[in-house]
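File shown: my_file35.cif. Contents: mmCIF, C-alpha atoms.
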data_query
#
loop_
_atom_site.label_atom_id
_atom_site.label_comp_id
_atom_site.auth_asym_id
_atom_site.auth_seq_id
_atom_site.Cartn_x
_atom_site.Cartn_y
_atom_site.Cartn_z
CA ARG A 31 21.40 17.18 -8.29
CA ILE A 32 20.86 15.49 -4.93
CA ASP A 33 22.96 15.66 -1.76
CA LEU A 34 23.37 12.32 0.02
CA ASP A 35 25.33 12.42 3.28
CA GLY A 36 27.32 15.40 2.07
CA GLN A 37 28.04 14.03 -1.41
CA THR A 38 26.47 15.80 -4.38
CA LEU A 39 25.33 13.41 -7.11
CA PRO A 40 23.51 13.84 -10.44
CA MET A 41 19.90 12.79 -10.75
CA THR A 42 18.29 11.02 -13.70
CA VAL A 43 15.81 12.91 -15.86
CA ARG A 44 12.49 11.12 -15.61
CA MET A 45 10.62 13.41 -18.02
CA PRO A 46 11.65 16.74 -19.53
CA PRO A 47 9.35 19.77 -19.68
CA ALA A 48 6.76 19.30 -22.42
CA THR A 49 3.39 20.35 -23.72
CA VAL A 50 1.68 17.10 -24.60
CA PRO A 51 -0.73 17.09 -27.57
CA GLY A 52 -4.39 16.75 -26.73
CA ARG A 53 -6.03 13.35 -26.43
CA PRO A 54 -9.57 12.16 -25.61
CA SER A 55 -10.18 12.80 -21.93
CA ARG A 56 -12.80 13.60 -19.33
CA SER A 57 -12.13 17.35 -19.55
CA GLU A 58 -14.37 19.92 -21.18
CA PRO A 59 -13.44 20.89 -23.84
CA PRO A 60 -11.82 17.53 -24.63
CA ALA A 61 -8.40 16.92 -26.08
CA GLN A 62 -6.77 20.20 -25.06
CA PRO A 63 -2.95 20.30 -24.85
CA THR A 64 -1.52 19.41 -21.44
CA ALA A 65 1.39 21.57 -20.28
CA PHE A 66 4.15 20.33 -18.00
CA PRO A 67 6.66 23.23 -17.85
CA VAL A 68 8.66 21.43 -15.17
CA LEU A 69 11.60 19.05 -15.26
CA THR A 70 11.00 15.79 -13.38
CA CYS A 71 14.11 14.05 -12.04
CA GLU A 72 14.65 11.00 -9.85
CA ALA A 73 17.37 9.23 -7.90
CA VAL A 74 17.73 6.06 -5.85
CA VAL A 75 18.55 6.79 -2.21
CA PRO A 76 20.73 3.93 -0.91
CA PRO A 77 19.68 2.12 2.29
CA GLY A 78 21.39 3.55 5.33
CA THR A 79 21.52 7.11 4.01
CA ARG A 80 21.27 9.52 6.95
CA ASN A 81 20.71 12.84 5.17
CA ALA A 82 19.32 13.73 1.77
CA ALA A 83 18.47 17.10 0.27
CA ILE A 84 17.64 18.72 -3.07
CA ASP A 85 18.56 22.40 -3.49
CA GLY A 86 18.96 22.65 0.26
CA PHE A 87 15.52 21.20 1.03
CA PRO A 88 15.86 18.13 3.28
CA LEU A 89 14.07 14.96 2.19
CA PRO A 90 12.29 12.68 4.67
CA LEU A 91 13.94 9.26 4.76
CA PRO A 92 12.61 5.83 5.76
CA VAL A 93 13.11 4.84 9.38
CA ALA A 94 14.29 1.39 10.38
CA HIS A 95 11.17 0.46 12.32
CA PRO A 96 8.15 2.63 11.40
CA GLN A 97 5.71 3.02 14.27
CA ARG A 98 3.20 5.69 13.20
CA ILE A 99 1.55 5.71 9.76
CA VAL A 100 -0.85 8.28 8.30
CA LEU A 101 -3.65 7.10 5.98
CA LEU A 102 -5.60 9.49 3.78
CA GLY A 103 -7.03 9.74 0.29
CA ASP A 104 -9.41 11.38 -2.20
CA THR A 105 -7.95 14.77 -1.51
CA GLY A 106 -8.25 17.02 -4.59
CA CYS A 107 -10.80 19.80 -5.14
CA ARG A 108 -13.60 18.54 -7.36
CA ILE A 109 -14.47 20.70 -10.37
CA VAL A 110 -16.33 18.63 -12.97
CA GLY A 111 -18.65 20.66 -15.17
CA SER A 112 -20.46 17.66 -16.65
CA PHE A 113 -21.67 16.78 -13.14
CA ASN A 114 -22.30 20.43 -12.18
CA ALA A 115 -19.82 19.84 -9.36
CA TYR A 116 -17.97 22.98 -8.33
CA GLN A 117 -16.29 22.52 -4.97
CA ALA A 118 -15.25 25.77 -3.30
CA CYS A 119 -11.49 25.35 -3.64
CA ASN A 120 -10.96 28.87 -2.28
CA ASP A 121 -12.75 28.09 1.00
CA PRO A 122 -10.68 25.99 3.46
CA ALA A 123 -13.87 24.85 5.18
CA GLN A 124 -15.29 23.48 1.92
CA TRP A 125 -11.97 22.09 0.64
CA PRO A 126 -9.88 21.45 3.76
CA PHE A 127 -7.08 19.32 2.31
CA LYS A 128 -4.34 21.70 3.45
CA ARG A 129 -5.73 21.63 6.99
CA VAL A 130 -5.96 17.83 6.83
CA ALA A 131 -2.38 17.58 5.57
CA ASP A 132 -1.08 19.99 8.21
CA ALA A 133 -2.90 18.13 11.00
CA ALA A 134 -1.57 14.81 9.70
CA ALA A 135 1.98 16.20 9.56
CA ALA A 136 1.63 17.36 13.16
CA THR A 137 1.28 13.70 14.26
CA ARG A 138 4.93 13.25 13.18
CA PRO A 139 4.39 10.11 11.08
CA ASP A 140 7.12 7.72 10.00
CA LEU A 141 5.23 6.89 6.81
CA VAL A 142 2.30 8.32 4.81
CA ILE A 143 -0.03 6.21 2.67
CA HIS A 144 -2.23 8.05 0.18
CA VAL A 145 -4.88 5.68 -1.16
CA GLY A 146 -5.38 7.52 -4.45
CA ASP A 147 -7.39 10.20 -6.28
CA PHE A 148 -5.07 13.18 -5.98
CA HIS A 149 -6.40 15.22 -8.90
CA TYR A 150 -9.97 16.50 -9.34
CA ARG A 151 -9.78 19.86 -11.20
CA GLU A 152 -11.01 18.52 -14.52
CA SER A 153 -13.10 21.49 -15.73
CA ALA A 154 -13.02 25.25 -15.71
CA CYS A 155 -14.81 26.91 -12.80
CA ALA A 156 -18.29 28.11 -13.77
CA PRO A 157 -18.46 31.85 -14.53
CA GLY A 158 -19.45 33.87 -11.48
CA ASN A 159 -18.68 31.08 -9.01
CA ALA A 160 -16.55 32.75 -6.34
CA GLY A 161 -15.86 29.45 -4.58
CA CYS A 162 -13.54 28.17 -7.32
CA ALA A 163 -12.84 31.37 -9.26
CA GLY A 164 -9.32 31.50 -10.63
CA SER A 165 -8.66 27.78 -10.20
CA PRO A 166 -6.43 26.07 -12.76
CA TRP A 167 -7.99 23.10 -14.47
CA GLY A 168 -7.16 20.26 -16.82
CA TYR A 169 -4.46 17.66 -16.35
CA GLY A 170 -1.25 19.69 -16.48
CA TRP A 171 1.23 20.86 -13.87
CA ASP A 172 -0.79 23.88 -12.67
CA ALA A 173 -3.75 21.70 -11.61
CA TRP A 174 -1.45 19.09 -10.02
CA GLN A 175 0.34 21.83 -8.11
CA ALA A 176 -2.95 23.28 -6.84
CA ASP A 177 -4.52 19.92 -5.94
CA LEU A 178 -1.52 18.19 -4.37
CA PHE A 179 1.92 19.71 -4.18
CA ASP A 180 1.03 23.08 -2.64
CA PRO A 181 -1.58 22.01 -0.06
CA ALA A 182 0.36 18.86 0.97
CA ARG A 183 3.69 20.63 1.36
CA SER A 184 3.99 20.03 5.12
CA LEU A 185 3.00 16.36 4.87
CA LEU A 186 5.33 15.73 1.94
CA ALA A 187 8.15 17.04 4.11
CA ALA A 188 7.12 15.00 7.15
CA ALA A 189 7.70 11.41 5.99
CA PRO A 190 8.13 9.16 2.92
CA TRP A 191 4.93 8.33 1.04
CA ILE A 192 3.44 5.19 -0.49
CA VAL A 193 1.01 6.32 -3.20
CA LEU A 194 -1.84 4.35 -4.77
CA ARG A 195 -3.18 5.12 -8.21
CA GLY A 196 -6.86 6.07 -8.19
CA ASN A 197 -9.39 6.17 -11.00
CA HIS A 198 -8.73 9.92 -11.30
CA GLU A 199 -5.19 8.99 -12.35
CA SER A 200 -6.28 6.67 -15.16
CA CYS A 201 -5.11 7.51 -18.66
CA ASN A 202 -8.21 9.41 -19.78
CA ARG A 203 -7.89 11.65 -16.73
CA ALA A 204 -4.68 12.59 -14.89
CA GLY A 205 -2.59 9.59 -15.94
CA GLN A 206 0.02 11.75 -17.67
CA GLY A 207 0.79 13.54 -14.40
CA TRP A 208 0.71 10.27 -12.47
CA TYR A 209 3.54 8.87 -14.55
CA ARG A 210 5.52 12.11 -14.40
CA PHE A 211 5.29 12.73 -10.67
CA LEU A 212 4.13 9.73 -8.63
CA ALA A 213 4.52 6.33 -10.29
CA PRO A 214 7.23 4.47 -8.33
CA ARG A 215 8.85 2.74 -11.31
CA ALA A 216 10.44 3.88 -14.55
CA VAL A 217 7.88 4.48 -17.28
CA ALA A 218 7.75 1.63 -19.78
CA PRO A 219 7.46 2.34 -23.51
CA ARG A 220 3.94 3.52 -24.48
CA GLN A 221 2.87 3.58 -20.83
CA ASP A 222 2.82 7.37 -20.32
CA CYS A 223 -0.88 7.90 -21.22
CA ASN A 224 0.02 10.44 -23.93
CA VAL A 225 -1.62 8.44 -26.74
CA ALA A 226 -5.11 7.03 -26.28
CA ALA A 227 -4.31 4.03 -28.50
CA ASP A 228 -1.80 2.90 -25.86
CA ASP A 229 -4.20 3.01 -22.90
CA ASP A 230 -4.31 -0.78 -22.70
CA ILE A 231 -0.70 -0.44 -21.57
CA GLY A 232 -0.88 2.82 -19.63
CA ASN A 233 -3.87 1.86 -17.51
CA TYR A 234 -1.96 -0.98 -15.85
CA SER A 235 1.17 -1.12 -13.76
CA GLU A 236 2.84 -3.98 -11.95
CA PRO A 237 2.05 -4.52 -8.26
CA TYR A 238 4.74 -4.46 -5.61
CA ALA A 239 5.35 -5.05 -1.91
CA VAL A 240 6.80 -2.62 0.62
CA PRO A 241 8.23 -4.24 3.78
CA LEU A 242 7.56 -2.23 6.90
CA GLY A 243 11.12 -1.48 7.90
CA ARG A 244 14.14 -3.72 8.36
CA ASP A 245 13.53 -7.34 9.36
CA ALA A 246 9.85 -6.64 8.81
CA ASP A 247 7.11 -9.03 9.86
CA THR A 248 4.58 -6.95 7.91
CA GLN A 249 4.42 -5.60 4.38
CA PHE A 250 2.12 -3.43 2.30
CA LEU A 251 0.93 -4.88 -1.01
CA VAL A 252 0.26 -2.15 -3.59
CA PHE A 253 -2.20 -2.92 -6.40
CA ASP A 254 -3.16 -0.58 -9.25
CA SER A 255 -6.95 -0.79 -9.60
CA SER A 256 -7.30 2.56 -11.39
CA TRP A 257 -9.10 1.25 -14.47
CA VAL A 258 -11.47 -1.25 -12.87
CA GLY A 259 -15.20 -0.72 -13.39
CA LEU A 260 -18.21 -1.63 -11.30
CA THR A 261 -19.31 -4.84 -13.00
CA PRO A 262 -17.96 -8.41 -12.89
CA LEU A 263 -15.29 -9.23 -15.45
CA PRO A 264 -15.45 -12.26 -17.75
CA PRO A 265 -12.28 -14.39 -17.70
CA THR A 266 -11.67 -13.56 -21.37
CA ASP A 267 -11.43 -9.82 -20.66
CA LEU A 268 -7.98 -8.18 -20.85
CA MET A 269 -8.50 -6.55 -17.46
CA TYR A 270 -9.42 -9.89 -15.87
CA ARG A 271 -6.32 -11.55 -17.32
CA ASN A 272 -4.04 -8.71 -16.24
CA TYR A 273 -5.48 -8.50 -12.75
CA ARG A 274 -5.45 -12.27 -12.23
CA ALA A 275 -1.76 -12.49 -13.10
CA GLN A 276 -0.91 -9.46 -10.97
CA LEU A 277 -2.86 -10.69 -7.94
CA GLU A 278 -1.25 -14.12 -8.14
CA ALA A 279 2.18 -12.45 -8.15
CA LEU A 280 1.23 -10.12 -5.33
CA PHE A 281 -0.14 -12.87 -3.10
CA ALA A 282 3.02 -14.88 -3.71
CA LEU A 283 4.91 -11.90 -2.27
CA SER A 284 2.57 -11.84 0.72
CA SER A 285 3.94 -15.21 1.87
CA ARG A 286 7.29 -13.59 2.68
CA THR A 287 5.95 -12.18 5.97
CA PRO A 288 3.42 -13.45 8.52
CA ARG A 289 1.01 -10.64 7.68
CA ALA A 290 0.33 -8.09 4.97
CA PHE A 291 -2.01 -5.22 4.18
CA PHE A 292 -3.63 -5.30 0.73
CA MET A 293 -3.95 -1.79 -0.70
CA SER A 294 -6.06 -0.82 -3.71
CA HIS A 295 -7.84 2.44 -4.40
CA HIS A 296 -11.14 0.67 -5.00
CA PRO A 297 -12.48 -1.08 -1.87
CA VAL A 298 -13.16 -4.77 -2.38
CA LEU A 299 -15.22 -5.05 0.82
CA GLY A 300 -16.39 -1.48 1.44
CA PHE A 301 -19.67 0.30 0.86
CA ALA A 302 -20.71 3.41 -1.05
CA ALA A 303 -23.74 5.54 -0.26
CA ASN A 304 -26.79 5.08 -2.48
CA PRO A 305 -28.70 8.39 -2.46
CA GLY A 306 -31.55 6.85 -4.45
CA ASN A 307 -32.10 4.09 -1.88
CA PRO A 308 -30.18 4.76 1.37
CA GLN A 309 -31.22 1.41 2.86
CA SER A 310 -29.38 -0.40 0.07
CA PRO A 311 -25.82 0.95 0.04
CA PHE A 312 -23.73 -0.01 -2.97
CA PRO A 313 -21.48 -3.03 -2.23
CA GLY A 314 -17.75 -3.49 -2.79
CA ASN A 315 -16.12 -3.56 -6.19
CA ALA A 316 -17.65 -6.35 -8.28
CA GLY A 317 -14.86 -6.23 -10.86
CA LEU A 318 -12.16 -7.06 -8.35
CA GLN A 319 -14.40 -9.57 -6.58
CA SER A 320 -14.92 -11.46 -9.84
CA VAL A 321 -11.15 -11.93 -10.17
CA LEU A 322 -10.54 -12.76 -6.52
CA SER A 323 -13.41 -15.20 -5.97
CA PRO A 324 -12.03 -18.04 -8.14
CA MET A 325 -8.68 -17.67 -6.36
CA TYR A 326 -10.08 -17.71 -2.80
CA PRO A 327 -13.74 -18.70 -3.16
CA THR A 328 -14.83 -18.18 0.46
CA VAL A 329 -13.08 -15.06 1.72
CA LEU A 330 -11.44 -13.58 -1.43
CA PHE A 331 -7.99 -13.18 0.15
CA PRO A 332 -5.24 -15.49 1.44
CA PRO A 333 -4.86 -15.85 5.23
CA THR A 334 -1.76 -13.66 5.32
CA ILE A 335 -3.85 -10.55 4.49
CA GLU A 336 -4.45 -8.75 7.79
CA ALA A 337 -6.66 -5.94 6.42
CA LEU A 338 -7.59 -4.00 3.29
CA LEU A 339 -6.74 -0.30 2.91
CA SER A 340 -8.62 1.72 0.27
CA GLY A 341 -10.38 4.95 -0.64
CA HIS A 342 -12.67 5.85 -3.57
CA SER A 343 -15.84 6.27 -1.50
CA HIS A 344 -15.62 9.71 0.07
CA THR A 345 -16.17 8.49 3.60
CA LEU A 346 -14.29 7.04 6.51
CA GLU A 347 -15.20 3.38 7.03
CA VAL A 348 -13.82 0.66 9.29
CA ILE A 349 -15.61 -2.65 8.72
CA SER A 350 -14.98 -6.02 10.35
CA PHE A 351 -16.79 -9.24 9.58
CA ALA A 352 -18.43 -12.15 11.38
CA THR A 353 -17.11 -14.25 8.49
CA PRO A 354 -13.34 -14.81 8.00
CA HIS A 355 -13.00 -11.87 5.56
CA PRO A 356 -10.24 -9.36 6.37
CA PRO A 357 -11.36 -5.97 7.76
CA GLN A 358 -11.80 -3.14 5.27
CA VAL A 359 -10.54 0.37 6.09
CA LEU A 360 -11.50 3.32 3.86
CA THR A 361 -9.96 6.76 4.21
CA GLY A 362 -11.58 8.59 1.30
CA ASN A 363 -12.45 11.68 3.37
CA GLY A 364 -9.27 13.68 2.79
CA GLY A 365 -10.79 16.76 1.13
CA THR A 366 -12.88 15.95 -1.94
CA TYR A 367 -16.66 16.48 -1.83
CA LEU A 368 -18.00 14.01 0.74
CA ASP A 369 -20.55 11.29 -0.03
CA GLU A 370 -24.00 11.18 1.48
CA PRO A 371 -23.94 9.67 5.00
CA PHE A 372 -25.17 6.13 5.54
CA PRO A 373 -28.43 5.59 7.43
CA VAL A 374 -28.27 4.95 11.17
CA PRO A 375 -28.57 2.20 12.13
CA PHE A 376 -26.64 0.76 9.21
CA PRO A 377 -28.79 -1.74 7.25
CA ALA A 378 -28.22 -5.08 8.97
CA SER A 379 -28.66 -7.12 5.78
CA ALA A 380 -26.12 -5.18 3.69
CA GLN A 381 -23.15 -7.20 2.45
CA PRO A 382 -20.22 -5.75 0.47
CA ALA A 383 -19.66 -9.14 -1.20
CA PRO A 384 -21.69 -12.37 -1.26
CA GLY A 385 -21.29 -14.12 2.08
CA ALA A 386 -19.39 -11.26 3.77
CA VAL A 387 -21.41 -10.74 6.96
CA VAL A 388 -20.71 -7.43 8.68
CA ALA A 389 -19.95 -7.69 12.40
CA GLU A 390 -19.20 -4.02 12.98
CA ILE A 391 -19.05 -0.86 10.88
CA VAL A 392 -17.97 2.60 12.00
CA THR A 393 -18.32 5.35 9.43
CA THR A 394 -18.47 9.12 9.15
CA THR A 395 -18.61 11.75 6.44
CA GLN A 396 -16.45 14.27 8.24
CA PHE A 397 -13.25 15.35 6.54
CA GLY A 398 -10.10 13.91 8.08
CA PHE A 399 -7.47 11.17 8.10
CA MET A 400 -6.35 8.13 10.10
CA THR A 401 -3.21 7.06 11.90
CA MET A 402 -1.96 3.52 12.56
CA GLU A 403 0.45 2.77 15.40
CA ARG A 404 1.92 -0.53 16.48
CA SER A 405 0.37 -1.96 19.62
CA GLY A 406 1.88 -5.27 20.67
CA ALA A 407 1.22 -7.78 17.90
CA GLY A 408 -1.54 -5.59 16.42
CA TRP A 409 -2.30 -1.99 15.62
CA ARG A 410 -4.09 0.93 17.21
CA MET A 411 -5.91 3.03 14.63
CA GLN A 412 -7.16 6.55 15.29
CA ALA A 413 -9.45 8.61 13.09
CA TRP A 414 -9.03 12.39 13.21
CA ASP A 415 -11.05 15.26 11.79
CA ALA A 416 -9.60 18.01 9.60
CA THR A 417 -8.37 19.98 12.62
CA GLY A 418 -6.67 17.00 14.28
CA GLN A 419 -9.42 16.25 16.81
CA PRO A 420 -10.14 12.54 17.48
CA LEU A 421 -13.23 10.91 15.97
CA THR A 422 -12.84 7.24 16.91
CA SER A 423 -10.15 4.76 17.85
CA CYS A 424 -9.86 1.12 16.80
CA THR A 425 -7.77 -1.91 17.55
CA LEU A 426 -6.75 -4.10 14.63
CA GLY A 427 -5.40 -7.61 14.86
CA GLU A 428 -6.13 -11.20 13.92
CA ARG A 429 -8.39 -10.07 11.07
CA ARG A 430 -10.68 -8.09 13.33
CA ALA A 431 -11.17 -4.37 13.91
CA GLN A 432 -12.97 -3.08 16.99
CA CYS A 433 -13.74 0.63 17.27
CA THR A 434 -15.15 3.00 19.85
CA PRO A 435 -18.47 4.62 18.88
CA LEU A 436 -18.37 7.89 17.02
CA ALA A 437 -19.72 11.02 18.65
CA ALA A 438 -23.46 11.61 18.34
CA ALA A 439 -22.87 14.30 15.71
CA ASP A 440 -21.25 11.71 13.47
CA ALA A 441 -23.98 9.13 13.96
CA LYS A 442 -26.80 11.14 12.44
CA PRO A 443 -28.08 10.10 9.03
#
Could you take the file, read its structure, and then write that structure out as structure tokens?
Amino acid sequence: RIDLDGQTLPMTVRMPPATVPGRPSRSEPPAQPTAFPVLTCEAVVPPGTRNAAIDGFPLPLPVAHPQRIVLLGDTGCRIVGSFNAYQACNDPAQWPFKRVADAAAATRPDLVIHVGDFHYRESACAPGNAGCAGSPWGYGWDAWQADLFDPARSLLAAAPWIVLRGNHESCNRAGQGWYRFLAPRAVAPRQDCNVAADDDIGNYSEPYAVPLGRDADTQFLVFDSSWVGLTPLPPTDLMYRNYRAQLEALFALSSRTPRAFFMSHHPVLGFAANPGNPQSPFPGNAGLQSVLSPMYPTVLFPPTIEALLSGHSHTLEVISFATPHPPQVLTGNGGTYLDEPFPVPFPASAQPAPGAVVAEIVTTTQFGFMTMERSGAGWRMQAWDATGQPLTSCTLGERRAQCTPLAAADAKP
């Protein structure tokens, strides 16, 4: 039951407790049963509600005119045996998500945006590894609780969240938990990721727009890119057809306000480190670019898109362009193993998409998060480390981001 302005009302059961039969997945061993010994309920909170609580715990409610927004992503503790990746979940210096979440909560945000990849505990910790000893693993409630709900407790209580679905929440990974706990809509038939034969349904969800407060002049466009790969898509491909229809619908929504932020877990115009050839960083997502380029051949996005917000690469990146492309902001440094740093100076010839000429890039591989605050007609963005100390500040407006230089410690390759 939920209390709304002193009135106690029943909630709707979203999913009952269950142990879901095994299915092909990324875990080792594969296809083990997934246990959710928790009841998931939901309720619609009417606009104008002043107080809401569940079992005496107050819920953060939307404010009329949000001013401060927290951005973070790629936060879980990575344990993937097939990659010999055993992050030290027991060491807050090696997996600092709780510190990041606490520091972000201390900024007193009006809204939190998590750009995806909540869950990373896919394998059992290696025997004798003290760093992750005792960690739950797999795709059930215990791993979700350890990776998200316990460490993010203070930030979950601080403000409402907008959540993006990352590739770690695709159906052959943590998709079952995504639909139980985070997906913003009711689960459609065969969409719950429980049966691998239904993944062509479960790996997609409809996009939507979130207006930034009442009488908003800005909105956030949320796109589920969880299943996209790294290669261009042919127009006959199911993913291409789904994404094309969804993007057309989403960009039609973008015309309702003068400006909008496009949000997808995978960065369309970001970079990823290339350890094998640091001078040639990997470009933005070719799958999404192949769908966008026929729609907007020169700059990939309609003019109402002010900037792109993403994660996936485990770095902080703020990129603006000499060409009319919208700036790309990545906040994939929330706690998961960090990527290799980019070379300094950044390769001048690198382009995240054909014809996208970089005017400025600021990037670091320190753990942390970002905040966005309104500043006149634009935004002031601030990057913070895991302890809440500033890393860089940026102004964002008119499709351009300008940032102060990072400290010398952050500029080393």
Inset, instruction - For range 138-152 of chain A, list every protein, DNA or RNA residue within 6 Å, evaluated using all atoms listed in the file, and leave out those in the same chain fewer than 3 positions away; present the list as a PyMOL selection string. - result: chain A and resi 57+96+98-110+135+167-168+177+189-196+198+295+340-341
Legend entry - Long-range neighbours of Val130 in chain A as a list in words, 8 Å cut-off, all atoms listed in the file, 6 positions minimum in chain: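 Skipping anything fewer than 6 positions along the chain leaves Gly364, Gly365, Phe397, Gly398, Phe399, Asp415, Ala416, Thr417 and Gly418 of chain A.
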Inset, instruction - Could you jot down the CA of Glu403 in chain A to CA of Gln97 in chain A separation for me, Å, one decimal place? - result: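 Pair CA of Glu403 in chain A / CA of Gln97 in chain A returns 5.4 Å.
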Inset, instruction - Calculate how many Å separate CA of Glu390 in chain A from CA of Ile349 in chain A, rounding to one decimal. - result: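 CA of Glu390 in chain A sits 5.7 Å away from CA of Ile349 in chain A.
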Legend entry - Computed interatomic separation between CA of Ser235 in chain A and CA of Leu322 in chain A (Å):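 Answer for the CA of Ser235 in chain A to CA of Leu322 in chain A separation: 18.0 Å.
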Inset, instruction - Starting from the displayed file, determine the output of the PyMOL selection byres ((chain A and resi 64-77) around 8) and express the residue list as a PyMOL selection string. - result: chain A and resi 32+34+41-52+62-63+78-79+168-171+210-211
Inset, instruction - Find, counting all atoms listed in the file, the residue in A:Asp121, A:Asp245, A:Asp85, A:Asp222 that gets nearest to Gly205 in chain A. - result: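 Closest to Gly205 in chain A of all the choices is A:Asp222.
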Legend entry - Hits of the PyMOL selection byres ((chain A and resi 258-274) around 10) in this structure, as a ChimeraX atom specification: /A:196-197,200,230,233-237,253-257,275-280,295-296,313-322,324-325
If you keep C-alpha atoms, can you produce a file of those selected residues as a PDB file, in the frame of the given file?
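Wrote it out as again27.pdb, contents follow:
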ATOM      1  CA  GLY A 196      -6.860   6.070  -8.190  1.00  0.00           C
ATOM      2  CA  ASN A 197      -9.390   6.170 -11.000  1.00  0.00           C
ATOM      3  CA  SER A 200      -6.280   6.670 -15.160  1.00  0.00           C
ATOM      4  CA  ASP A 230      -4.310  -0.780 -22.700  1.00  0.00           C
ATOM      5  CA  ASN A 233      -3.870   1.860 -17.510  1.00  0.00           C
ATOM      6  CA  TYR A 234      -1.960  -0.980 -15.850  1.00  0.00           C
ATOM      7  CA  SER A 235       1.170  -1.120 -13.760  1.00  0.00           C
ATOM      8  CA  GLU A 236       2.840  -3.980 -11.950  1.00  0.00           C
ATOM      9  CA  PRO A 237       2.050  -4.520  -8.260  1.00  0.00           C
ATOM     10  CA  PHE A 253      -2.200  -2.920  -6.400  1.00  0.00           C
ATOM     11  CA  ASP A 254      -3.160  -0.580  -9.250  1.00  0.00           C
ATOM     12  CA  SER A 255      -6.950  -0.790  -9.600  1.00  0.00           C
ATOM     13  CA  SER A 256      -7.300   2.560 -11.390  1.00  0.00           C
ATOM     14  CA  TRP A 257      -9.100   1.250 -14.470  1.00  0.00           C
ATOM     15  CA  ALA A 275      -1.760 -12.490 -13.100  1.00  0.00           C
ATOM     16  CA  GLN A 276      -0.910  -9.460 -10.970  1.00  0.00           C
ATOM     17  CA  LEU A 277      -2.860 -10.690  -7.940  1.00  0.00           C
ATOM     18  CA  GLU A 278      -1.250 -14.120  -8.140  1.00  0.00           C
ATOM     19  CA  ALA A 279       2.180 -12.450  -8.150  1.00  0.00           C
ATOM     20  CA  LEU A 280       1.230 -10.120  -5.330  1.00  0.00           C
ATOM     21  CA  HIS A 295      -7.840   2.440  -4.400  1.00  0.00           C
ATOM     22  CA  HIS A 296     -11.140   0.670  -5.000  1.00  0.00           C
ATOM     23  CA  PRO A 313     -21.480  -3.030  -2.230  1.00  0.00           C
ATOM     24  CA  GLY A 314     -17.750  -3.490  -2.790  1.00  0.00           C
ATOM     25  CA  ASN A 315     -16.120  -3.560  -6.190  1.00  0.00           C
ATOM     26  CA  ALA A 316     -17.650  -6.350  -8.280  1.00  0.00           C
ATOM     27  CA  GLY A 317     -14.860  -6.230 -10.860  1.00  0.00           C
ATOM     28  CA  LEU A 318     -12.160  -7.060  -8.350  1.00  0.00           C
ATOM     29  CA  GLN A 319     -14.400  -9.570  -6.580  1.00  0.00           C
ATOM     30  CA  SER A 320     -14.920 -11.460  -9.840  1.00  0.00           C
ATOM     31  CA  VAL A 321     -11.150 -11.930 -10.170  1.00  0.00           C
ATOM     32  CA  LEU A 322     -10.540 -12.760  -6.520  1.00  0.00           C
ATOM     33  CA  PRO A 324     -12.030 -18.040  -8.140  1.00  0.00           C
ATOM     34  CA  MET A 325      -8.680 -17.670  -6.360  1.00  0.00           C
TER      35      MET A 325
END
Legend entry - Selection result for the PyMOL selection byres ((chain A and resi 376) around 12) on this file, as a ChimeraX atom specification: /A:301,303,308-311,347,349,371-375,377-381,388-394,441-443
Legend entry - Of the listed residues A:Ala163, A:Cys119, A:Ala383, A:Leu39, that which approaches Pro181 in chain A most closely, counting only C-alpha atoms: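 Using only C-alpha atoms, the shortest distance to Pro181 in chain A belongs to A:Cys119.
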Legend entry - Option closest in space to Cys223 in chain A, from A:Pro332, A:Gly207, A:Gly158, A:Gly300 [counting all atoms listed in the file]: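 Of the candidates, the smallest distance to Cys223 in chain A is held by A:Gly207.
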Inset, instruction - Give me the residues within 7 Å of Asn202 in chain A as a ChimeraX atom specification, counting all atoms listed in the file and dropping any in the same chain fewer than 3 places off. - result: /A:54-56,205
Legend entry - Best match for closeness to Ala123 in chain A among A:Pro333, A:Asn304, A:Ala94, A:Tyr367, counting all atoms listed in the file: A:Tyr367
Inset, instruction - Check the smallest atom-to-atom distance from each of A:Trp414, A:Phe250, A:Trp174, A:Tyr326 to Arg289 in chain A using all atoms listed in the file, then report the winner. - result: A:Phe250
Legend entry - Distance query Arg80 in chain A at most 10 Å, all atoms listed in the file, self and fewer than 5 positions along chain excluded, as a list of chain:residue names: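 Everything that qualifies: A:Leu34, A:Asp35, A:Gly36, A:Val75, A:Pro90, A:Leu91, A:Pro92, A:Val93.
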Inset, instruction - Could you tell me which of A:Ala173, A:Ala182, A:Ala246, A:Val252 comes closest to Leu338 in chain A if we count all atoms listed in the file? - result: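 That would be A:Val252, the residue with the smallest distance to Leu338 in chain A.
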Inset, instruction - Dig up all the protein and nucleic acid residues within 6 Å of (-16.2, 9.6, 16.6) in the file frame, using all atoms listed in the file, and format them as a list in words. - result: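 Answer for this query, in the requested form: Leu421, Thr422, Pro435, Leu436 and Ala437 of chain A.
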